[in-house]
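**Student:** Input file: model-v5.pdb. Contents: PDB, C-alpha atoms.
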ATOM      1  CA  MET A   1      31.279  35.599 -16.478
ATOM      2  CA  THR A   2      33.522  35.543 -13.412
ATOM      3  CA  LYS A   3      36.013  37.786 -15.154
ATOM      4  CA  ASP A   4      33.323  40.299 -16.063
ATOM      5  CA  ALA A   5      32.036  40.288 -12.528
ATOM      6  CA  GLY A   6      35.505  40.818 -11.146
ATOM      7  CA  GLU A   7      36.340  43.680 -13.451
ATOM      8  CA  HIS A   8      33.108  45.567 -12.933
ATOM      9  CA  GLY A   9      32.471  44.580  -9.335
ATOM     10  CA  SER A  10      28.891  43.441  -9.896
ATOM     11  CA  PHE A  11      26.474  42.461 -12.603
ATOM     12  CA  SER A  12      24.165  45.063 -14.039
ATOM     13  CA  ALA A  13      20.547  44.573 -13.013
ATOM     14  CA  LYS A  14      19.112  44.606 -16.519
ATOM     15  CA  ASP A  15      19.983  46.082 -19.892
ATOM     16  CA  TYR A  16      16.531  47.353 -20.809
ATOM     17  CA  HIS A  17      14.050  49.873 -19.473
ATOM     18  CA  ASP A  18      10.320  49.280 -19.123
ATOM     19  CA  PRO A  19       8.399  52.504 -19.748
ATOM     20  CA  PRO A  20       6.081  53.525 -16.908
ATOM     21  CA  PRO A  21       2.393  52.565 -17.260
ATOM     22  CA  ALA A  22       0.289  55.090 -19.142
ATOM     23  CA  PRO A  23      -2.229  56.954 -16.974
ATOM     24  CA  LEU A  24      -5.833  55.830 -17.313
ATOM     25  CA  PHE A  25      -6.967  59.334 -18.177
ATOM     26  CA  ASP A  26      -4.474  61.935 -19.345
ATOM     27  CA  ALA A  27      -6.198  65.233 -20.148
ATOM     28  CA  VAL A  28      -2.837  66.841 -20.919
ATOM     29  CA  GLU A  29      -2.705  64.809 -24.139
ATOM     30  CA  LEU A  30      -5.616  66.820 -25.513
ATOM     31  CA  THR A  31      -3.509  69.975 -25.434
ATOM     32  CA  LYS A  32      -0.594  68.536 -27.456
ATOM     33  CA  TRP A  33      -0.223  68.741 -31.228
ATOM     34  CA  SER A  34       1.592  65.383 -31.196
ATOM     35  CA  PHE A  35      -1.653  63.753 -30.045
ATOM     36  CA  TYR A  36      -3.665  65.116 -32.953
ATOM     37  CA  ARG A  37      -0.838  64.344 -35.358
ATOM     38  CA  ALA A  38      -1.015  60.743 -34.177
ATOM     39  CA  LEU A  39      -4.781  60.687 -34.781
ATOM     40  CA  ILE A  40      -4.279  61.968 -38.318
ATOM     41  CA  ALA A  41      -1.607  59.308 -38.897
ATOM     42  CA  GLU A  42      -3.969  56.553 -37.707
ATOM     43  CA  PHE A  43      -6.788  57.909 -39.891
ATOM     44  CA  ILE A  44      -4.668  58.107 -43.059
ATOM     45  CA  ALA A  45      -2.964  54.754 -42.446
ATOM     46  CA  THR A  46      -6.278  52.944 -41.978
ATOM     47  CA  LEU A  47      -7.729  54.698 -45.018
ATOM     48  CA  LEU A  48      -4.818  53.530 -47.178
ATOM     49  CA  PHE A  49      -4.956  50.041 -45.673
ATOM     50  CA  LEU A  50      -8.636  49.577 -46.527
ATOM     51  CA  TYR A  51      -8.308  51.180 -49.946
ATOM     52  CA  VAL A  52      -5.525  48.884 -51.150
ATOM     53  CA  THR A  53      -6.755  45.671 -49.516
ATOM     54  CA  VAL A  54     -10.455  45.934 -50.400
ATOM     55  CA  LEU A  55      -9.514  46.934 -53.938
ATOM     56  CA  THR A  56      -7.354  43.799 -54.091
ATOM     57  CA  VAL A  57     -10.272  41.640 -52.931
ATOM     58  CA  ILE A  58     -12.671  43.193 -55.456
ATOM     59  CA  GLY A  59     -10.096  42.906 -58.245
ATOM     60  CA  HIS A  60      -9.501  39.230 -57.480
ATOM     61  CA  LYS A  61     -13.204  38.401 -57.484
ATOM     62  CA  SER A  62     -13.830  40.244 -60.747
ATOM     63  CA  GLN A  63     -10.913  38.497 -62.493
ATOM     64  CA  HIS A  64     -11.832  35.114 -61.021
ATOM     65  CA  ALA A  65     -15.411  35.490 -62.270
ATOM     66  CA  ALA A  66     -14.147  35.964 -65.823
ATOM     67  CA  ASP A  67     -11.454  33.284 -65.617
ATOM     68  CA  GLN A  68     -11.330  30.510 -63.018
ATOM     69  CA  CYS A  69      -7.546  30.712 -63.099
ATOM     70  CA  GLY A  70      -7.517  34.511 -62.933
ATOM     71  CA  GLY A  71      -6.998  36.794 -59.962
ATOM     72  CA  VAL A  72      -4.360  36.859 -57.275
ATOM     73  CA  GLY A  73      -6.045  34.152 -55.191
ATOM     74  CA  ILE A  74      -6.080  33.789 -51.420
ATOM     75  CA  LEU A  75      -2.284  33.971 -51.348
ATOM     76  CA  GLY A  76      -2.285  37.323 -53.136
ATOM     77  CA  ILE A  77      -5.020  38.727 -50.886
ATOM     78  CA  ALA A  78      -3.092  37.619 -47.803
ATOM     79  CA  TRP A  79       0.049  39.290 -49.174
ATOM     80  CA  ALA A  80      -1.903  42.510 -49.768
ATOM     81  CA  PHE A  81      -3.093  42.653 -46.161
ATOM     82  CA  GLY A  82       0.212  41.616 -44.621
ATOM     83  CA  GLY A  83       2.276  43.796 -46.935
ATOM     84  CA  MET A  84       0.194  46.898 -46.282
ATOM     85  CA  ILE A  85       0.451  46.403 -42.529
ATOM     86  CA  PHE A  86       4.227  46.061 -42.847
ATOM     87  CA  ILE A  87       4.443  49.273 -44.891
ATOM     88  CA  LEU A  88       2.025  51.333 -42.793
ATOM     89  CA  VAL A  89       3.379  50.245 -39.408
ATOM     90  CA  TYR A  90       6.866  51.104 -40.646
ATOM     91  CA  CYS A  91       5.671  54.550 -41.767
ATOM     92  CA  THR A  92       3.586  55.468 -38.710
ATOM     93  CA  ALA A  93       5.238  53.674 -35.788
ATOM     94  CA  GLY A  94       7.286  56.735 -34.856
ATOM     95  CA  ILE A  95       4.242  59.014 -34.938
ATOM     96  CA  SER A  96       1.302  57.088 -33.510
ATOM     97  CA  GLY A  97       2.718  53.676 -32.720
ATOM     98  CA  GLY A  98       1.258  52.284 -35.941
ATOM     99  CA  HIS A  99      -1.794  50.562 -34.447
ATOM    100  CA  ILE A 100      -4.143  50.738 -37.497
ATOM    101  CA  ASN A 101      -6.454  48.339 -35.659
ATOM    102  CA  PRO A 102      -8.831  48.873 -32.695
ATOM    103  CA  ALA A 103      -7.995  45.385 -31.385
ATOM    104  CA  VAL A 104      -4.284  46.268 -31.215
ATOM    105  CA  THR A 105      -5.147  49.546 -29.509
ATOM    106  CA  PHE A 106      -7.406  47.713 -27.042
ATOM    107  CA  GLY A 107      -4.686  45.201 -26.187
ATOM    108  CA  LEU A 108      -2.126  47.951 -25.637
ATOM    109  CA  PHE A 109      -4.630  49.847 -23.484
ATOM    110  CA  LEU A 110      -5.174  46.790 -21.268
ATOM    111  CA  ALA A 111      -1.395  46.526 -20.896
ATOM    112  CA  ARG A 112      -1.265  50.211 -19.864
ATOM    113  CA  LYS A 113       0.734  51.177 -22.954
ATOM    114  CA  VAL A 114      -1.746  53.912 -23.941
ATOM    115  CA  SER A 115      -4.241  55.987 -21.977
ATOM    116  CA  LEU A 116      -8.022  55.615 -22.224
ATOM    117  CA  VAL A 117      -8.306  58.950 -24.050
ATOM    118  CA  ARG A 118      -5.759  57.948 -26.661
ATOM    119  CA  ALA A 119      -7.252  54.458 -27.047
ATOM    120  CA  VAL A 120     -10.791  55.745 -27.655
ATOM    121  CA  MET A 121      -9.681  58.475 -30.049
ATOM    122  CA  TYR A 122      -7.437  56.067 -31.963
ATOM    123  CA  MET A 123     -10.384  53.709 -32.450
ATOM    124  CA  VAL A 124     -12.574  56.549 -33.717
ATOM    125  CA  ALA A 125      -9.866  57.680 -36.156
ATOM    126  CA  GLN A 126      -9.306  54.115 -37.346
ATOM    127  CA  CYS A 127     -13.013  53.496 -37.980
ATOM    128  CA  LEU A 128     -13.428  56.804 -39.826
ATOM    129  CA  GLY A 129     -10.344  56.070 -41.916
ATOM    130  CA  ALA A 130     -11.713  52.619 -42.778
ATOM    131  CA  ILE A 131     -15.045  54.059 -43.889
ATOM    132  CA  CYS A 132     -13.302  56.611 -46.095
ATOM    133  CA  GLY A 133     -10.940  54.009 -47.551
ATOM    134  CA  VAL A 134     -13.744  51.660 -48.559
ATOM    135  CA  GLY A 135     -15.744  54.656 -49.765
ATOM    136  CA  LEU A 136     -12.957  55.476 -52.210
ATOM    137  CA  VAL A 137     -13.027  51.923 -53.548
ATOM    138  CA  LYS A 138     -16.778  52.164 -54.141
ATOM    139  CA  ALA A 139     -16.419  55.587 -55.753
ATOM    140  CA  PHE A 140     -13.795  54.355 -58.222
ATOM    141  CA  GLN A 141     -15.269  50.927 -58.991
ATOM    142  CA  LYS A 142     -18.919  51.060 -58.008
ATOM    143  CA  SER A 143     -20.220  48.357 -60.366
ATOM    144  CA  PHE A 144     -17.558  45.811 -59.371
ATOM    145  CA  TYR A 145     -17.851  46.835 -55.732
ATOM    146  CA  ASN A 146     -21.598  46.149 -55.543
ATOM    147  CA  ARG A 147     -21.384  42.971 -57.613
ATOM    148  CA  PHE A 148     -18.584  41.301 -55.670
ATOM    149  CA  GLY A 149     -19.541  41.882 -52.054
ATOM    150  CA  GLY A 150     -17.784  45.120 -51.225
ATOM    151  CA  GLY A 151     -14.984  43.371 -49.339
ATOM    152  CA  ALA A 152     -17.329  42.938 -46.367
ATOM    153  CA  ASN A 153     -16.565  40.274 -43.764
ATOM    154  CA  THR A 154     -19.226  37.586 -43.457
ATOM    155  CA  LEU A 155     -19.326  34.078 -42.066
ATOM    156  CA  ALA A 156     -18.783  31.638 -44.947
ATOM    157  CA  ASP A 157     -21.386  29.009 -45.759
ATOM    158  CA  GLY A 158     -20.831  25.761 -43.886
ATOM    159  CA  TYR A 159     -19.361  27.383 -40.763
ATOM    160  CA  ASN A 160     -21.281  28.099 -37.581
ATOM    161  CA  VAL A 161     -21.004  31.179 -35.391
ATOM    162  CA  GLY A 162     -18.767  29.432 -32.862
ATOM    163  CA  THR A 163     -16.245  28.509 -35.529
ATOM    164  CA  GLY A 164     -16.197  32.040 -36.908
ATOM    165  CA  LEU A 165     -15.830  33.569 -33.467
ATOM    166  CA  GLY A 166     -13.040  31.142 -32.582
ATOM    167  CA  ALA A 167     -11.198  31.942 -35.812
ATOM    168  CA  GLU A 168     -11.343  35.660 -35.033
ATOM    169  CA  ILE A 169     -10.218  35.170 -31.422
ATOM    170  CA  ILE A 170      -7.240  32.984 -32.326
ATOM    171  CA  GLY A 171      -6.281  35.086 -35.347
ATOM    172  CA  THR A 172      -6.290  38.299 -33.337
ATOM    173  CA  PHE A 173      -4.376  36.619 -30.531
ATOM    174  CA  VAL A 174      -1.612  35.749 -33.006
ATOM    175  CA  LEU A 175      -1.489  39.332 -34.271
ATOM    176  CA  VAL A 176      -1.562  41.128 -30.911
ATOM    177  CA  TYR A 177       0.850  38.655 -29.327
ATOM    178  CA  THR A 178       3.245  39.380 -32.189
ATOM    179  CA  VAL A 179       2.826  43.133 -31.653
ATOM    180  CA  PHE A 180       3.729  42.777 -27.960
ATOM    181  CA  SER A 181       6.702  40.538 -28.707
ATOM    182  CA  ALA A 182       8.055  42.689 -31.563
ATOM    183  CA  THR A 183       7.875  45.886 -29.504
ATOM    184  CA  ASP A 184       9.018  44.433 -26.176
ATOM    185  CA  PRO A 185      11.875  46.583 -24.768
ATOM    186  CA  LYS A 186      13.474  43.434 -23.333
ATOM    187  CA  ARG A 187      13.649  41.875 -26.802
ATOM    188  CA  SER A 188      15.073  45.102 -28.231
ATOM    189  CA  ALA A 189      17.877  45.054 -25.685
ATOM    190  CA  ARG A 190      18.617  41.331 -26.028
ATOM    191  CA  ASP A 191      18.688  41.518 -29.822
ATOM    192  CA  SER A 192      20.465  44.870 -30.013
ATOM    193  CA  HIS A 193      23.210  43.283 -32.138
ATOM    194  CA  VAL A 194      20.620  42.123 -34.678
ATOM    195  CA  PRO A 195      18.784  44.738 -36.779
ATOM    196  CA  VAL A 196      15.195  43.662 -36.000
ATOM    197  CA  LEU A 197      12.505  45.530 -37.903
ATOM    198  CA  ALA A 198       9.364  45.314 -35.767
ATOM    199  CA  PRO A 199       6.864  45.888 -38.625
ATOM    200  CA  LEU A 200       8.152  42.788 -40.451
ATOM    201  CA  PRO A 201       6.925  40.097 -38.006
ATOM    202  CA  ILE A 202       3.685  42.044 -37.512
ATOM    203  CA  GLY A 203       3.049  42.069 -41.252
ATOM    204  CA  PHE A 204       3.888  38.373 -41.482
ATOM    205  CA  ALA A 205       1.468  37.608 -38.647
ATOM    206  CA  VAL A 206      -1.320  39.329 -40.588
ATOM    207  CA  PHE A 207      -0.307  37.413 -43.730
ATOM    208  CA  MET A 208      -0.339  34.013 -42.024
ATOM    209  CA  VAL A 209      -3.647  34.595 -40.242
ATOM    210  CA  HIS A 210      -5.271  35.589 -43.531
ATOM    211  CA  LEU A 211      -4.101  32.381 -45.171
ATOM    212  CA  ALA A 212      -5.790  30.396 -42.403
ATOM    213  CA  THR A 213      -9.056  32.300 -41.924
ATOM    214  CA  ILE A 214     -10.041  33.834 -45.280
ATOM    215  CA  PRO A 215     -12.087  30.701 -46.074
ATOM    216  CA  VAL A 216     -13.926  30.983 -42.747
ATOM    217  CA  THR A 217     -14.721  34.661 -42.130
ATOM    218  CA  GLY A 218     -12.855  36.489 -44.856
ATOM    219  CA  THR A 219     -10.496  37.397 -41.986
ATOM    220  CA  GLY A 220     -11.422  40.328 -39.822
ATOM    221  CA  ILE A 221      -8.955  40.505 -36.878
ATOM    222  CA  ASN A 222      -9.422  44.261 -37.267
ATOM    223  CA  PRO A 223     -12.796  45.728 -36.221
ATOM    224  CA  ALA A 224     -12.160  48.938 -38.187
ATOM    225  CA  ARG A 225     -11.580  46.941 -41.378
ATOM    226  CA  SER A 226     -14.848  45.023 -40.862
ATOM    227  CA  PHE A 227     -16.793  48.121 -39.785
ATOM    228  CA  GLY A 228     -15.702  50.282 -42.728
ATOM    229  CA  ALA A 229     -16.650  47.598 -45.249
ATOM    230  CA  ALA A 230     -19.997  46.923 -43.540
ATOM    231  CA  VAL A 231     -20.944  50.614 -43.434
ATOM    232  CA  ILE A 232     -20.223  51.251 -47.121
ATOM    233  CA  PHE A 233     -21.585  47.934 -48.458
ATOM    234  CA  ASN A 234     -24.550  48.055 -46.021
ATOM    235  CA  ASP A 235     -25.776  44.511 -46.587
ATOM    236  CA  LYS A 236     -27.994  42.590 -44.141
ATOM    237  CA  LYS A 237     -25.718  39.532 -44.097
ATOM    238  CA  ALA A 238     -22.698  41.701 -43.301
ATOM    239  CA  TRP A 239     -24.512  43.357 -40.392
ATOM    240  CA  ASP A 240     -25.949  40.068 -39.081
ATOM    241  CA  ASP A 241     -22.440  38.656 -38.669
ATOM    242  CA  HIS A 242     -20.793  41.943 -37.738
ATOM    243  CA  TRP A 243     -20.697  41.432 -33.971
ATOM    244  CA  ILE A 244     -18.283  38.516 -34.503
ATOM    245  CA  PHE A 245     -15.703  40.946 -35.894
ATOM    246  CA  TRP A 246     -15.762  43.100 -32.763
ATOM    247  CA  VAL A 247     -16.217  40.538 -29.999
ATOM    248  CA  GLY A 248     -13.714  38.038 -31.411
ATOM    249  CA  PRO A 249     -10.830  40.486 -31.962
ATOM    250  CA  PHE A 250     -11.328  42.181 -28.596
ATOM    251  CA  ILE A 251     -11.315  38.837 -26.760
ATOM    252  CA  GLY A 252      -8.228  37.724 -28.680
ATOM    253  CA  ALA A 253      -6.459  41.005 -27.931
ATOM    254  CA  ALA A 254      -7.311  40.762 -24.217
ATOM    255  CA  ILE A 255      -5.960  37.198 -24.007
ATOM    256  CA  ALA A 256      -2.765  38.217 -25.816
ATOM    257  CA  ALA A 257      -2.245  41.183 -23.488
ATOM    258  CA  PHE A 258      -2.758  39.006 -20.407
ATOM    259  CA  TYR A 259      -0.503  36.240 -21.720
ATOM    260  CA  HIS A 260       2.362  38.553 -22.599
ATOM    261  CA  GLN A 261       2.189  40.831 -19.587
ATOM    262  CA  PHE A 262       1.346  38.389 -16.808
ATOM    263  CA  ILE A 263       2.731  35.062 -18.037
ATOM    264  CA  LEU A 264       5.744  35.866 -20.186
ATOM    265  CA  ARG A 265       6.761  39.122 -18.517
ATOM    266  CA  ALA A 266       5.410  38.063 -15.100
ATOM    267  CA  ALA A 267       4.088  41.538 -14.313
ATOM    268  CA  ALA A 268       2.055  40.327 -11.356
ATOM    269  CA  VAL A 269       5.041  38.502  -9.821
ATOM    270  CA  LYS A 270       7.263  41.553 -10.288
ATOM    271  CA  ALA A 271       4.668  43.806  -8.682
ATOM    272  CA  LEU A 272       4.316  41.429  -5.728
ATOM    273  CA  GLY A 273       8.095  41.237  -5.332
ATOM    274  CA  SER A 274       8.367  45.018  -5.372
ATOM    275  CA  PHE A 275       5.631  45.287  -2.742
ATOM    276  CA  ARG A 276       7.342  42.746  -0.483
ATOM    277  CA  SER A 277      10.740  44.462  -0.786
ATOM    278  CA  GLN A 278       9.204  47.820   0.120
ATOM    279  CA  SER A 279       7.357  46.343   3.085
ATOM    280  CA  HIS A 280      10.659  45.077   4.546
ATOM    281  CA  VAL A 281      12.406  48.429   4.288
TER     282      VAL A 281
END
When written as structure tokens, how does the structure in this file appear?
**Tutor:**
Amino acid sequence: MTKDAGEHGSFSAKDYHDPPPAPLFDAVELTKWSFYRALIAEFIATLLFLYVTVLTVIGHKSQHAADQCGGVGILGIAWAFGGMIFILVYCTAGISGGHINPAVTFGLFLARKVSLVRAVMYMVAQCLGAICGVGLVKAFQKSFYNRFGGGANTLADGYNVGTGLGAEIIGTFVLVYTVFSATDPKRSARDSHVPVLAPLPIGFAVFMVHLATIPVTGTGINPARSFGAAVIFNDKKAWDDHWIFWVGPFIGAAIAAFYHQFILRAAAVKALGSFRSQSHV
């Protein structure tokens, strides 16, 4: 270290660059084609996500009903959700950021990574894509779809509302915390010698959370996923429990954003230090 300091005269401040905070409201975005391209990417990605995953759930239940040893099981369902997130985030990250989840978008909005306009429009596109994706499943396999629950998220028998809400909060925290960590510019700089593929840990986070919470809530952690299935299946039980799959993920995302930005990255301390240094100039 001494040698490096002597040769270069001083240490570099840091080897990464934090992007500036996104404006709360950016009307200029509405005039750019890249914004609408990102909305289309979020819509199509969420449509494909719901189509493949809900079809997997319906297929498992139909096979399991005919043969107790049939179907892909919870492990296969978890792989379907995690694998699709890995694929779709990889495909869309360079276009829209690859959110595919209103809770992820909400967490990134709280961290000032996206503007309010983009956050709201992303959520609308994601919910519409989810509805269309589940609609395709029902159109192709209507009898199985209606018979086996439509892939809708509901609170499982034997669990109370508090348990279901807690499962959604913790599960979404794991996901959104992983998103922040995998896309952190500081991590990218520190691990620049290691080819880190950000969609991989995000997909694995979704996989692991599904393994833990499918028996409890069917695993939401994505309000668009729960909303699309509830709209198309339109069952009273699904709607009675539906608030859990919005409140839980949004709370989990908010906690993850706060933890990463203000505890791990110490944003508040950095801001205070910057203010003090400017006040002494």
**Student:** Could you give me, as a tab-separated table, every range 197-273 of chain A residue with an atom at most 10 Å from range 131-136 of chain A, plus its closest atom pair and distance in Å to one decimal, counting all atoms listed in the file, rows ordered by chain then number?
**Tutor:**
residue	atom	partner	partner_atom	distance
A:Ala224	CA	A:Ile131	CA	8.2
A:Arg225	CA	A:Ile131	CA	8.3
A:Ser226	CA	A:Ile131	CA	9.5
A:Phe227	CA	A:Ile131	CA	7.4
A:Gly228	CA	A:Ile131	CA	4.0
A:Ala229	CA	A:Val134	CA	6.0
A:Ala230	CA	A:Ile131	CA	8.7
A:Val231	CA	A:Ile131	CA	6.8
A:Ile232	CA	A:Gly135	CA	6.2
A:Phe233	CA	A:Val134	CA	8.7
**Student:** With all atoms listed in the file as the atoms that count, which of A:Gly149, A:Leu197, A:Asp67, A:Thr172 lies nearest to Gly107 in chain A?
**Tutor:**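 Between A:Gly149, A:Leu197, A:Asp67, A:Thr172, the residue approaching Gly107 in chain A most closely is A:Thr172.
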**Student:** For a quick check of understanding, using only C-alpha atoms, which of A:Leu211, A:Val176, A:Ile221, A:Val114 has the smallest distance to Ile255 in chain A?
**Tutor:**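 Closest candidate: A:Val176.
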**Student:** Excluding same-chain residues fewer than 4 positions from Gly162 in chain A, what lies within 12 Å of it counting all atoms listed in the file, as a VMD selection string?
**Tutor:** chain A and resid 155 158 166 to 169 216 to 217 241 244 247 to 248
**Student:** To one decimal in Å, tell me the separation between CA of Thr163 in chain A and CA of Thr219 in chain A.
**Tutor:**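 A separation of 12.4 Å between them.
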**Student:** Could you tell me how far CA of Pro215 in chain A lies from CA of Arg147 in chain A, in Å and to one decimal?
**Tutor:**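 Computed distance, CA of Pro215 in chain A to CA of Arg147 in chain A, equals 19.2 Å.
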**Student:** Expand the PyMOL selection byres ((chain A and resi 46-55) around 7) into the individual residues it matches in the shown file, reporting them as number ranges by chain.
**Tutor:** A: 42-45, 56-59, 80-81, 84, 100, 126, 129-130, 132-134, 136-137, 151, 225
